[in-house]
Structures are given as C-alpha cells and as structure tokens.
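K.L.:
Here you go, entry35.csv (CSV, C-alpha atoms):
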chain,number,residue,atom,x,y,z
A,1,MET,CA,235.1,52.5,139.5
A,2,PRO,CA,234.5,50.7,136.1
A,3,ILE,CA,231.0,50.1,134.9
A,4,GLU,CA,229.8,47.1,132.7
A,5,PRO,CA,229.9,48.1,129.0
A,6,GLY,CA,226.3,47.0,128.5
A,7,GLU,CA,225.1,49.2,131.4
A,8,LEU,CA,227.2,52.1,130.1
A,9,MET,CA,225.5,51.9,126.7
A,10,THR,CA,222.1,51.7,128.3
A,11,ALA,CA,222.9,54.7,130.5
A,12,ARG,CA,224.0,56.8,127.5
A,13,ALA,CA,220.8,55.9,125.6
A,14,ALA,CA,218.8,56.8,128.7
A,15,ILE,CA,220.5,60.2,129.0
A,16,ARG,CA,219.5,60.8,125.4
A,17,ARG,CA,216.0,60.2,126.7
A,18,ASP,CA,215.5,56.9,124.8
A,19,PRO,CA,212.3,55.6,126.5
A,20,GLU,CA,213.2,51.9,126.2
A,21,ALA,CA,216.6,52.6,127.8
A,22,ILE,CA,215.0,54.6,130.6
A,23,ARG,CA,212.6,51.7,131.3
A,24,ALA,CA,215.5,49.2,131.2
A,25,ILE,CA,217.5,51.4,133.6
A,26,TRP,CA,214.6,51.5,136.0
A,27,ARG,CA,214.0,47.7,135.9
A,28,GLU,CA,217.6,47.0,136.4
A,29,HIS,CA,218.0,49.3,139.5
A,30,ARG,CA,214.5,49.5,141.1
A,31,GLN,CA,215.2,46.7,143.6
A,32,TRP,CA,218.2,48.2,145.2
A,33,ILE,CA,216.7,51.7,145.0
A,34,ALA,CA,213.8,50.3,147.0
A,35,ALA,CA,216.3,48.9,149.5
A,36,ILE,CA,217.9,52.3,149.9
A,37,LEU,CA,214.5,53.9,150.5
A,38,LEU,CA,213.8,51.1,153.0
A,39,ALA,CA,217.1,51.9,154.8
A,40,HIS,CA,216.4,55.6,155.1
A,41,LYS,CA,212.6,56.1,155.1
A,42,PRO,CA,210.7,56.6,158.4
A,43,ARG,CA,208.5,53.6,159.3
A,44,GLY,CA,204.9,54.0,158.2
A,45,VAL,CA,205.8,55.9,155.0
A,46,ASP,CA,204.6,54.0,152.0
A,47,LEU,CA,207.6,52.6,150.0
A,48,GLU,CA,205.6,52.4,146.8
A,49,ASP,CA,204.9,56.1,146.9
A,50,LEU,CA,208.5,56.9,147.5
A,51,LEU,CA,209.6,54.5,144.7
A,52,GLN,CA,207.2,56.3,142.3
A,53,ASP,CA,208.7,59.7,143.3
A,54,VAL,CA,212.2,58.4,142.6
A,55,ALA,CA,211.0,57.0,139.2
A,56,LEU,CA,209.4,60.3,138.3
A,57,THR,CA,212.5,62.3,139.2
A,58,MET,CA,214.7,59.9,137.3
A,59,VAL,CA,212.6,60.2,134.2
A,60,ARG,CA,212.5,64.0,134.5
A,61,LYS,CA,216.1,64.6,135.1
A,62,ILE,CA,218.1,61.7,133.6
A,63,ASP,CA,219.3,63.9,130.8
A,64,GLU,CA,221.2,66.1,133.4
A,65,ILE,CA,223.7,63.3,134.1
A,66,ARG,CA,227.1,64.3,132.9
A,67,ASP,CA,228.9,61.0,133.4
A,68,PRO,CA,227.0,57.8,132.4
A,69,ALA,CA,229.4,55.8,134.6
A,70,ALA,CA,228.0,57.7,137.6
A,71,LEU,CA,224.5,56.5,137.1
A,72,ARG,CA,224.3,54.3,140.2
A,73,GLY,CA,225.6,57.1,142.4
A,74,TRP,CA,223.1,59.5,140.9
A,75,LEU,CA,220.2,57.2,141.4
A,76,ARG,CA,221.3,56.6,145.0
A,77,MET,CA,221.3,60.4,145.6
A,78,ILE,CA,217.8,60.7,144.3
A,79,ALA,CA,216.6,57.9,146.5
A,80,LEU,CA,218.4,59.3,149.5
A,81,ASN,CA,217.0,62.8,149.0
A,82,THR,CA,213.5,61.4,148.5
A,83,ALA,CA,213.7,59.4,151.7
A,84,LEU,CA,215.2,62.2,153.7
A,85,ALA,CA,212.7,64.8,152.4
A,86,THR,CA,209.9,62.4,153.4
A,87,GLY,CA,211.4,62.1,156.8
A,88,ARG,CA,210.8,65.8,157.3
A,89,GLU,CA,207.1,65.5,156.4
A,90,LYS,CA,204.7,64.3,159.0
A,91,THR,CA,203.1,61.8,156.8
A,92,ARG,CA,202.4,61.1,153.1
A,93,ARG,CA,199.4,58.9,153.5
A,94,THR,CA,196.1,60.5,153.0
A,95,ARG,CA,193.4,60.0,155.6
A,96,LEU,CA,191.5,58.0,153.0
A,97,ASP,CA,194.4,55.6,152.6
A,98,ARG,CA,194.7,55.0,156.4
A,99,GLU,CA,191.0,54.6,157.1
A,100,PHE,CA,189.6,53.0,154.0
A,101,ARG,CA,192.5,51.1,152.6
A,102,LEU,CA,191.1,47.8,151.3
A,103,ARG,CA,193.0,45.1,149.5
A,104,LEU,CA,192.3,43.6,146.1
A,105,THR,CA,194.4,40.5,147.0
A,106,SER,CA,192.7,37.3,148.1
A,107,GLU,CA,195.8,36.4,150.2
A,108,PRO,CA,194.8,35.9,153.9
A,109,GLU,CA,195.2,39.3,155.5
A,110,ASP,CA,196.5,38.1,158.9
A,111,VAL,CA,199.3,35.8,157.5
A,112,SER,CA,200.6,38.6,155.2
A,113,ALA,CA,200.3,41.3,157.9
A,114,ASP,CA,202.1,39.1,160.4
A,115,ALA,CA,205.0,38.4,158.1
A,116,THR,CA,205.2,42.1,157.2
A,117,GLU,CA,205.1,43.1,160.8
A,118,GLN,CA,208.0,40.8,161.7
A,119,ALA,CA,210.0,42.0,158.8
A,120,GLU,CA,209.3,45.6,159.9
A,121,ARG,CA,210.5,44.9,163.4
A,122,LEU,CA,213.7,43.4,162.1
A,123,LEU,CA,214.2,46.4,159.8
A,124,ASP,CA,213.5,48.8,162.8
A,125,LEU,CA,216.6,47.3,164.5
A,126,ALA,CA,218.6,47.6,161.3
A,127,ARG,CA,217.5,51.2,161.0
A,128,GLU,CA,219.1,51.9,164.4
A,129,LEU,CA,222.5,51.2,163.0
A,130,PRO,CA,224.6,54.2,162.0
A,131,ASP,CA,224.0,55.5,158.4
A,132,GLY,CA,227.3,54.2,157.0
A,133,TYR,CA,226.6,50.7,158.2
A,134,ARG,CA,222.9,50.3,157.7
A,135,GLU,CA,222.8,51.0,154.0
A,136,PRO,CA,225.4,48.6,152.7
A,137,LEU,CA,224.1,45.9,155.1
A,138,ILE,CA,220.6,46.2,153.6
A,139,LEU,CA,221.8,46.6,150.0
A,140,ARG,CA,223.7,43.3,150.5
A,141,CYS,CA,220.3,41.6,151.0
A,142,VAL,CA,219.2,42.6,147.5
A,143,ARG,CA,219.5,39.8,145.0
A,144,GLY,CA,222.6,40.3,142.9
A,145,MET,CA,224.1,43.2,144.8
A,146,SER,CA,227.8,42.5,145.1
A,147,TYR,CA,230.3,44.4,147.2
A,148,ARG,CA,231.4,46.0,143.9
A,149,GLN,CA,228.0,47.2,142.9
A,150,ILE,CA,227.3,48.5,146.4
A,151,ALA,CA,230.7,50.3,146.3
A,152,GLN,CA,229.7,51.9,142.9
A,153,ALA,CA,226.4,53.1,144.3
A,154,MET,CA,227.9,54.5,147.5
A,155,ASP,CA,231.0,55.8,145.8
A,156,LEU,CA,233.2,53.9,148.3
A,157,PRO,CA,236.1,51.5,147.9
A,158,GLU,CA,235.1,47.9,148.0
A,159,THR,CA,237.2,47.2,151.0
A,160,THR,CA,235.3,49.9,153.0
A,161,VAL,CA,232.0,48.3,151.9
A,162,GLU,CA,233.2,44.9,153.1
A,163,THR,CA,234.3,46.3,156.4
A,164,ARG,CA,231.1,48.2,157.0
A,165,ILE,CA,229.0,45.2,156.1
A,166,SER,CA,230.9,42.9,158.5
A,167,ARG,CA,230.7,45.5,161.3
A,168,GLY,CA,227.1,46.2,160.6
A,169,ARG,CA,226.4,42.5,160.9
A,170,ARG,CA,228.1,42.4,164.3
A,171,MET,CA,226.1,45.4,165.5
A,172,LEU,CA,222.8,43.9,164.3
A,173,ARG,CA,223.7,40.6,166.0
A,174,GLU,CA,224.3,42.4,169.3
A,175,LYS,CA,221.1,44.3,169.0
A,176,LEU,CA,219.2,41.1,168.2
A,177,ALA,CA,220.8,39.4,171.2
A,178,ARG,CA,219.7,42.3,173.4
A,179,SER,CA,216.2,42.4,172.1
A,180,GLY,CA,215.7,38.6,171.9
A,181,ARG,CA,215.4,37.0,168.5
A,182,ILE,CA,212.4,38.7,167.2
A,183,LEU,CA,211.8,36.3,164.4
A,184,GLU,CA,212.1,33.2,166.6
A,185,GLY,CA,209.6,30.7,165.5
A,186,ALA,CA,208.6,32.5,162.4
A,187,SER,CA,208.1,30.4,159.3
B,1,MET,CA,245.7,38.4,160.6
B,2,ILE,CA,242.2,38.8,159.1
B,3,ASP,CA,239.6,40.4,161.2
B,4,ARG,CA,237.1,38.0,162.8
B,5,ASP,CA,234.0,39.9,161.7
B,6,ILE,CA,235.3,40.1,158.1
B,7,LEU,CA,236.0,36.3,158.1
B,8,ILE,CA,232.5,35.5,159.2
B,9,SER,CA,231.1,38.0,156.7
B,10,ARG,CA,233.0,36.5,153.8
B,11,VAL,CA,231.8,33.0,154.7
B,12,ILE,CA,228.2,34.3,154.8
B,13,ASP,CA,228.6,36.0,151.4
B,14,GLY,CA,230.3,33.0,149.8
B,15,GLU,CA,233.4,35.1,149.3
B,16,ALA,CA,235.8,33.2,151.6
B,17,THR,CA,239.0,32.0,150.0
B,18,ALA,CA,241.1,29.0,151.0
B,19,GLU,CA,243.2,31.3,153.1
B,20,ASP,CA,240.2,32.7,154.9
B,21,TRP,CA,239.0,29.2,155.7
B,22,SER,CA,242.4,28.3,157.1
B,23,ALA,CA,242.3,31.4,159.2
B,24,LEU,CA,238.8,30.5,160.4
B,25,HIS,CA,239.9,27.0,161.4
B,26,ALA,CA,242.9,28.4,163.2
B,27,LEU,CA,240.6,30.8,165.2
B,28,ALA,CA,238.2,28.0,166.0
B,29,ARG,CA,241.1,25.9,167.5
B,30,GLU,CA,241.5,28.7,170.0
B,31,ASP,CA,237.9,29.6,170.4
B,32,ALA,CA,235.2,27.1,169.3
B,33,ASP,CA,232.5,29.7,169.9
B,34,ILE,CA,233.3,31.1,166.5
B,35,TRP,CA,231.1,28.4,164.9
B,36,SER,CA,228.2,29.4,167.0
B,37,GLU,CA,228.9,33.0,166.1
B,38,LEU,CA,229.0,32.1,162.4
B,39,ALA,CA,225.7,30.3,162.7
B,40,SER,CA,224.0,33.3,164.4
B,41,ALA,CA,225.4,35.6,161.8
B,42,GLN,CA,224.2,33.4,159.0
B,43,GLN,CA,220.7,33.3,160.5
B,44,ASP,CA,220.6,37.1,161.0
B,45,HIS,CA,221.6,37.5,157.3
B,46,ALA,CA,218.9,35.1,156.1
B,47,GLU,CA,216.2,36.8,158.2
B,48,LEU,CA,217.3,40.2,157.2
B,49,THR,CA,217.4,39.2,153.5
B,50,SER,CA,213.9,37.7,153.8
B,51,ALA,CA,212.6,40.9,155.4
B,52,VAL,CA,214.2,43.2,152.8
B,53,ARG,CA,212.9,41.1,150.0
B,54,LEU,CA,209.4,41.0,151.4
B,55,LEU,CA,209.3,44.7,152.0
B,56,THR,CA,210.7,45.7,148.7
B,57,ALA,CA,208.7,43.2,146.6
B,58,CYS,CA,206.5,46.1,145.4
B,59,ALA,CA,209.5,47.3,143.4
B,60,ASP,CA,208.9,44.4,140.9
B,61,ASP,CA,205.7,46.1,139.8
B,62,SER,CA,207.1,49.5,139.6
B,63,GLU,CA,207.7,51.0,136.1
B,64,ALA,CA,209.3,54.2,135.0
B,65,PRO,CA,206.5,56.7,134.1
B,66,ILE,CA,207.6,57.4,130.6
B,67,LEU,CA,205.3,60.0,129.2
B,68,GLU,CA,205.7,59.4,125.5
B,69,HIS,CA,202.4,61.2,124.8
B,70,ALA,CA,203.4,64.3,126.8
B,71,GLN,CA,204.5,66.1,123.6
B,72,ALA,CA,201.9,64.6,121.3
B,73,GLY,CA,199.1,67.0,122.0
B,74,PHE,CA,195.7,66.7,123.5
B,75,SER,CA,194.2,64.1,121.2
B,76,ALA,CA,196.9,61.7,122.0
B,77,ARG,CA,196.4,62.3,125.7
B,78,VAL,CA,192.7,61.6,125.3
B,79,ARG,CA,193.5,58.3,123.5
B,80,ALA,CA,196.0,57.4,126.2
B,81,VAL,CA,193.4,58.0,128.9
B,82,ALA,CA,190.7,56.3,127.0
B,83,SER,CA,192.8,53.2,126.5
B,84,TRP,CA,193.1,52.6,130.3
B,85,GLY,CA,189.9,50.6,130.4
B,86,GLY,CA,189.7,49.0,127.0
B,87,TRP,CA,186.7,46.8,127.6
B,88,VAL,CA,185.1,49.1,130.1
B,89,ALA,CA,185.1,51.9,127.6
B,90,ALA,CA,183.7,49.6,124.9
B,91,ALA,CA,181.0,48.5,127.3
B,92,VAL,CA,180.0,52.1,128.0
B,93,LEU,CA,179.7,52.8,124.3
B,94,ALA,CA,177.8,49.7,123.4
B,95,LEU,CA,175.9,48.5,126.4
B,96,SER,CA,173.4,49.7,128.9
B,97,PHE,CA,173.1,48.2,132.3
B,98,GLY,CA,169.3,48.5,132.1
B,99,LEU,CA,169.2,51.3,134.7
B,100,GLY,CA,167.2,54.4,133.9
B,101,SER,CA,164.3,54.6,131.5
B,102,LEU,CA,164.3,53.6,127.9
B,103,SER,CA,163.3,56.4,125.6
B,104,ASP,CA,163.8,57.7,122.1
B,105,ALA,CA,166.6,59.7,123.4
B,106,PRO,CA,170.1,58.3,123.5
B,107,PRO,CA,171.2,57.1,126.9
B,108,THR,CA,172.6,59.8,129.1
B,109,ASP,CA,176.2,59.7,130.3
B,110,ALA,CA,174.9,58.8,133.7
B,111,ASN,CA,172.8,55.8,132.9
B,112,LYS,CA,175.2,54.6,130.2
B,113,ALA,CA,177.8,54.0,132.9
B,114,GLY,CA,175.5,52.6,135.5
B,115,PHE,CA,176.1,55.4,137.9
B,116,PRO,CA,173.7,55.5,140.8
B,117,ILE,CA,173.2,59.2,140.4
B,118,ASP,CA,173.0,61.5,137.5
B,119,LEU,CA,176.3,63.4,137.6
B,120,SER,CA,174.6,66.5,136.0
B,121,LYS,CA,172.6,66.8,139.2
B,122,ALA,CA,175.5,65.9,141.5
B,123,LYS,CA,175.7,69.4,142.9
B,124,GLU,CA,172.3,69.1,144.4
B,125,GLN,CA,172.8,65.6,145.8
B,126,VAL,CA,176.2,65.5,147.5
B,127,LEU,CA,176.5,66.3,151.2
B,128,PRO,CA,177.9,69.8,151.4
B,129,GLN,CA,179.5,69.2,154.8
B,130,LEU,CA,181.9,66.5,153.5
B,131,SER,CA,185.0,67.0,151.6
B,132,ALA,CA,185.4,65.0,148.4
B,133,GLU,CA,187.7,62.6,150.1
B,134,GLU,CA,185.4,62.1,153.0
B,135,ALA,CA,182.5,61.6,150.7
B,136,LEU,CA,184.4,59.0,148.8
B,137,GLY,CA,185.4,57.3,152.0
B,138,THR,CA,181.7,57.2,153.0
B,139,TYR,CA,180.8,55.8,149.6
B,140,VAL,CA,183.3,53.1,149.9
B,141,ILE,CA,182.3,52.1,153.5
B,142,ASN,CA,178.6,52.2,152.7
B,143,GLY,CA,179.3,50.4,149.4
B,144,VAL,CA,181.1,47.6,151.2
B,145,ARG,CA,178.3,47.3,153.7
B,146,GLU,CA,175.7,47.2,151.0
B,147,GLY,CA,177.7,44.7,149.0
B,148,ARG,CA,178.2,47.0,146.0
B,149,VAL,CA,181.9,47.8,146.6
B,150,VAL,CA,184.2,44.8,146.6
B,151,ALA,CA,187.5,46.7,147.1
B,152,MET,CA,189.3,49.8,146.5
B,153,ASP,CA,192.7,49.6,144.9
B,154,PRO,CA,195.0,51.6,147.2
B,155,ASP,CA,197.3,52.5,144.2
B,156,LEU,CA,196.6,55.5,142.1
B,157,HIS,CA,197.5,54.8,138.5
B,158,VAL,CA,199.2,57.8,137.0
B,159,MET,CA,198.2,58.5,133.4
B,160,THR,CA,200.0,61.7,132.8
B,161,ALA,CA,202.5,63.8,134.8
B,162,VAL,CA,203.3,67.3,133.6
B,163,PRO,CA,206.2,69.0,135.4
B,164,LEU,CA,205.3,72.3,137.0
B,165,GLU,CA,207.5,75.3,137.4
B,166,ALA,CA,208.1,74.6,141.1
B,167,ALA,CA,211.0,72.1,141.3
B,168,GLY,CA,210.0,68.5,141.8
B,169,GLN,CA,206.3,69.2,141.4
B,170,PHE,CA,204.0,67.6,138.9
B,171,GLU,CA,200.4,67.9,137.9
B,172,VAL,CA,199.3,64.3,137.6
B,173,VAL,CA,196.2,62.8,136.1
B,174,TYR,CA,195.4,59.5,137.7
B,175,VAL,CA,192.9,56.7,137.8
B,176,ARG,CA,191.5,55.5,141.1
B,177,ARG,CA,190.0,52.1,140.9
B,178,ILE,CA,187.0,50.9,142.9
B,179,LEU,CA,186.0,47.3,142.2
B,180,GLU,CA,182.2,47.0,142.4
B,181,LYS,CA,179.6,44.3,141.7
B,182,ALA,CA,176.0,44.4,140.7
B,183,ARG,CA,173.3,42.1,139.3
B,184,VAL,CA,172.0,43.6,136.1
B,185,ASP,CA,170.1,42.8,133.0
B,186,LEU,CA,172.5,43.5,130.2
B,187,TYR,CA,171.3,45.1,127.0
B,188,ARG,CA,172.9,46.2,123.8
B,189,ILE,CA,171.7,49.5,122.5
B,190,SER,CA,170.7,49.5,118.9
B,191,GLN,CA,168.9,51.9,116.6
B,192,THR,CA,166.0,51.1,114.4
B,193,GLU,CA,165.8,52.3,110.8
B,194,GLY,CA,163.4,55.0,112.1
B,195,GLY,CA,166.1,56.3,114.4
B,196,GLN,CA,164.5,55.0,117.6
B,197,PHE,CA,166.8,53.6,120.2
B,198,ILE,CA,166.0,50.1,121.3
B,199,ARG,CA,167.6,47.7,123.7
B,200,LEU,CA,168.3,44.1,122.8
B,201,PRO,CA,169.2,41.5,125.5
B,202,VAL,CA,172.8,40.4,125.4
B,203,GLU,CA,173.2,36.6,125.5
B,204,GLU,CA,176.9,36.6,126.2
B,205,MET,CA,179.2,39.1,127.9
B,206,PRO,CA,181.9,40.2,125.6
B,207,LYS,CA,185.2,38.8,126.7
B,208,PRO,CA,186.9,41.6,128.8
B,209,LYS,CA,190.3,42.8,127.9
B,210,ARG,CA,192.8,43.5,130.6
B,211,ALA,CA,192.0,47.0,131.8
B,212,PHE,CA,195.6,47.9,132.9
Show me the file's structure as structure tokens.

P.N.:
Amino acid sequence: MPIEPGELMTARAAIRRDPEAIRAIWREHRQWIAAILLAHKPRGVDLEDLLQDVALTMVRKIDEIRDPAALRGWLRMIALNTALATGREKTRRTRLDREFRLRLTSEPEDVSADATEQAERLLDLARELPDGYREPLILRCVRGMSYRQIAQAMDLPETTVETRISRGRRMLREKLARSGRILEGAS
Amino acid sequence: MIDRDILISRVIDGEATAEDWSALHALAREDADIWSELASAQQDHAELTSAVRLLTACADDSEAPILEHAQAGFSARVRAVASWGGWVAAAVLALSFGLGSLSDAPPTDANKAGFPIDLSKAKEQVLPQLSAEEALGTYVINGVREGRVVAMDPDLHVMTAVPLEAAGQFEVVYVRRILEKARVDLYRISQTEGGQFIRLPVEEMPKPKRAF
C-alpha cells in the first residue's frame, strides 16, 4: 500500500537515526499508537507507561526496519506486543503509585474522574469485541485516521477495514442496547 | 445491493457517495427504522470518539526519548542531568534557605538544599523496617498532612536510558518530582575579602526558569 512521499522521507531519515526525524515520527504517530494500546491493554494498566515503553523500543530499534514503507505496521506491532506483554503481567503500577498518587492539576478531581470512568466503561464494552473488529473501530476515532491509514497500519485491504468498522459498530450498538446507554445524560 | 451496516458506516464517516444516499433512501422507504438506527450509530460513534480522545490525551505530551547525550560521555550526562532544574540548581548554588547554622565553613550539601535532614547522617535516621518506597510514601503522606508537600508528580521523568544486554531492558536514570512549600528567610551567600562566608538578605526572588 503506497505511503505519502513526505512520510517516506521522514521514515528513511529516522531509520538512519536522525534525531529530528525520530521525534517527528513519534509526534505523527503517537495518537493512534495510544489508541492501539487502549484497544489491547488490560484495564487499570497505565497508558502513559505503555506509551513510553513503545517510544523507547521505537528509538532503540528503528534502524532495524528494512522497508520504510512498512513503518506503520512496524509501529503497530511494537504497540501490540507491548500491550500483550503487559496483559501477561499482574500489574505495572507500583504500590506507591496506587496509594500515594497525587495530582498536580488544579482541575476538579471528581469531574475529571467521572468523565474518565464513563469513558472507561464505554471502552470496556468496545474491548469485548473480537480483536479484528475492536482495533479498527477504535483507530477510526483517532483524529485524521482514514480507512486507508488504518489499512496501512493493520496491513489489510481498505475494503476489509471498512467492513470490520461497520460490523464493529453494529456489535457495539447491540452491546450498548443490552447494557443500557452507559453515557446517557453525560455532558 | 450495498450492505446496510456499511451504508450507515459511510454516512457516519462522511464517506457516503450519491449512490450510497440513494440506496439509503430506498432502504428507508421499506423500513423507516433505518433513520433511528443511523442516529444511534452516530451517537455511539460520537461517544466512543470522545472516550478514545479523552483516554489517549496523554499521548500529546509524550515525546520520543532521544538520547543524544548517550554517546557523549560522562560530562555531557552530568550537564544533561544538571540542566533539568535550571533555576533550582542555580538557587542551590547561590542561595541558602536560612536553615542550619551560619559559620565560616561553606554551607553543607544538606543545608544548601533546605533538606530537613543531613543526608550524610541518613543511615542513622531512616526507619530500618521500611523499604525506600514505603519511606517515601510515608514522607509524602506526612508531608501533605503537615502542609509541606503540595503534590507528587506521578510521572517519572527519564533523563537517560541505557540499553542492557537483556532484550528490551534499560537502566534508566529518572527524576521524581515532589512539589513542596515552605516559609523561609531567603539569603544570598557571599564571601568577604577575608574569606568568611556571610549571608545577605535577598530582596527579590530570582525569576525562575521553567524546570522541565
């Protein structure tokens, strides 16, 4: 599947370990990588920790990529492996984090926690979808992720991605109908 | 005939062609429930999108940990670590918080930084039954209770990461940030011509630089 010329140039530079290109690659892809982690990580595992793990692996191994056009697929595999490896661990959070975690933000805690909890509940339902449907459905929610880009990342034909997203939406709709609309009344 | 789910999905994604819309209207003539189905699907997508964006918002602050100084040797690493707290480091060098006694001797590492204990005696003062992590937790909880600790940043800020031989493992050096407050008399340490250290009141706090 073709890749944008600009992205290809940046990928080549990153493979040569150009620091600016590596930074640019990360900024370009970090949102959908986070979405993949979200789709596959167990609940309760800190997304930021996983994201940092993926970033470290990317920096460490980017010069091992043979085909710059396969960058998205390669990044997806790192994210997938990171999320799955974490699933095999009991927990990554330290006791200190759990018990003494305090926030620097002045944002009212209850409002933020409430919105996050509702988002997590919806994601829990989405995570119950079969693997092949869950990931493209969640990726489609990332700003700027087109069918084509999802297809590149998942190494699937665009038509398959479209079908899976539409089926995934129906499955989620049915789950929501069964569980009641969990975000009903949320602002 | 285009699949019903795909039609709805294309409308949601703004990908529906004129042909798709015609097919949707044709379906609706036979089954008007499709409009309600479309509305539900649109709502689900909007809610899922909000949820995904909320939960992945942390990615906006994530940066690739490029270790340009990794091959630059020890001195460069020291510079890199020292630069983490620009103004704090400057304050440690130039200011005393007025804790500890003033003497002819230069300030110790402990009282320079305003530490409540002299780290050189730490071995005698820490509670032996607590792990370092538990002791830190106790410090934070008691600090909050006493009004000294304002917050602890849950993020650890990685300064260096050196790959180890075991695949996927790194030895990382990181900064853990604890935000604290105190009421202090601020002095600038100066030295007389005779070599004696004196402290002079500071009228105005130097403008802090951003630490990170």

K.L.:
Between A:Glu158, A:Asp63, A:Asp46, A:Glu120, which has the minimum distance to chain B (counting only C-alpha atoms)?

P.N.:
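Of all the options, A:Glu120 lies closest to chain B.
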
K.L.:
When you count only C-alpha atoms, which of these residues is closest to Asp33 of chain B: B:Val149, B:Ala182, B:Glu133, B:Arg4?

P.N.:
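Selected residue with least distance to Asp33 of chain B: B:Arg4.
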
K.L.:
Give me, as a ChimeraX atom specification, all polymer residues having an atom no more than 9 Å from Lys41 of chain A, counting all atoms listed in the file and skipping those fewer than 3 positions away in the same chain.

P.N.:
/A:36-38,44-47,50,80,82-84,86-87

K.L.:
For chain A against chain B, which residues fall within 8 Å using only C-alpha atoms, given as a ChimeraX atom specification?

P.N.:
/A:19,22-23,26-27,30-31,34-35,38,47-48,51-52,55-57,59,96-97,100-104,116,118-120,122-123,138,141-142,162-163,165-167,169-170,172-173,183

K.L.:
Give the answer as one residue: which of A:Gly144, A:Arg134, A:Leu71, A:Asp49 has the shortest atom-to-atom distance to His157 of chain B, using only C-alpha atoms?

P.N.:
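Among the listed residues, A:Asp49 lies closest to His157 of chain B.
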
K.L.:
Could you state the separation of atom CA of Leu137 of chain A and atom CA of Arg164 of chain A in Å, given to one decimal place?

P.N.:
7.6 Å

K.L.:
Applying 12 Å and only C-alpha atoms, which residues near Ile3 of chain A remain after dropping the ones on its own chain fewer than 2 positions away? List them as a PyMOL selection string.

P.N.:
chain A and resi 1+5-11+67-73+148-149+151-153

K.L.:
Please, what distance in Å, to one decimal, runs between atom CA of Gly14 of chain B and atom CA of Arg140 of chain A?

P.N.:
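We find that atom CA of Gly14 of chain B and atom CA of Arg140 of chain A lie 12.3 Å from each other.
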
K.L.:
Between atom CA of Ala39 of chain A and atom CA of Asp114 of chain A, what is the spacing in Å?

P.N.:
20.5 Å

K.L.:
With the input short on atoms, add N, CA and C atoms back to segment 158-172 of chain B and write it as a CSV table (one decimal), keeping the file's coordinate frame.

P.N.:
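Output file rebuild-v5.csv follows:
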chain,number,residue,atom,x,y,z
B,158,VAL,N,198.9,56.5,137.6
B,158,VAL,CA,199.2,57.8,137.0
B,158,VAL,C,199.1,57.6,135.5
B,159,MET,N,198.4,58.5,134.8
B,159,MET,CA,198.2,58.5,133.4
B,159,MET,C,199.1,59.5,132.7
B,160,THR,N,199.1,60.7,133.3
B,160,THR,CA,200.0,61.7,132.8
B,160,THR,C,200.6,62.5,134.0
B,161,ALA,N,201.8,63.0,133.7
B,161,ALA,CA,202.5,63.8,134.8
B,161,ALA,C,203.2,64.9,134.1
B,162,VAL,N,202.7,66.1,134.3
B,162,VAL,CA,203.3,67.3,133.6
B,162,VAL,C,204.1,68.1,134.7
B,163,PRO,N,205.4,68.3,134.4
B,163,PRO,CA,206.2,69.0,135.4
B,163,PRO,C,205.7,70.4,135.5
B,164,LEU,N,205.7,70.9,136.8
B,164,LEU,CA,205.3,72.3,137.0
B,164,LEU,C,206.5,73.2,137.2
B,165,GLU,N,206.3,74.4,137.3
B,165,GLU,CA,207.5,75.3,137.4
B,165,GLU,C,208.2,75.1,138.7
B,166,ALA,N,207.4,74.8,139.8
B,166,ALA,CA,208.1,74.6,141.1
B,166,ALA,C,208.8,73.3,141.0
B,167,ALA,N,210.1,73.3,141.4
B,167,ALA,CA,211.0,72.1,141.3
B,167,ALA,C,210.4,70.9,142.0
B,168,GLY,N,210.4,69.8,141.2
B,168,GLY,CA,210.0,68.5,141.8
B,168,GLY,C,208.5,68.3,141.9
B,169,GLN,N,207.7,69.3,141.4
B,169,GLN,CA,206.3,69.2,141.4
B,169,GLN,C,205.7,68.8,140.0
B,170,PHE,N,204.7,68.0,140.1
B,170,PHE,CA,204.0,67.6,138.9
B,170,PHE,C,202.5,67.7,139.0
B,171,GLU,N,201.9,68.0,137.9
B,171,GLU,CA,200.4,67.9,137.9
B,171,GLU,C,200.1,66.5,137.3
B,172,VAL,N,199.5,65.7,138.1
B,172,VAL,CA,199.3,64.3,137.6
B,172,VAL,C,197.8,64.1,137.4
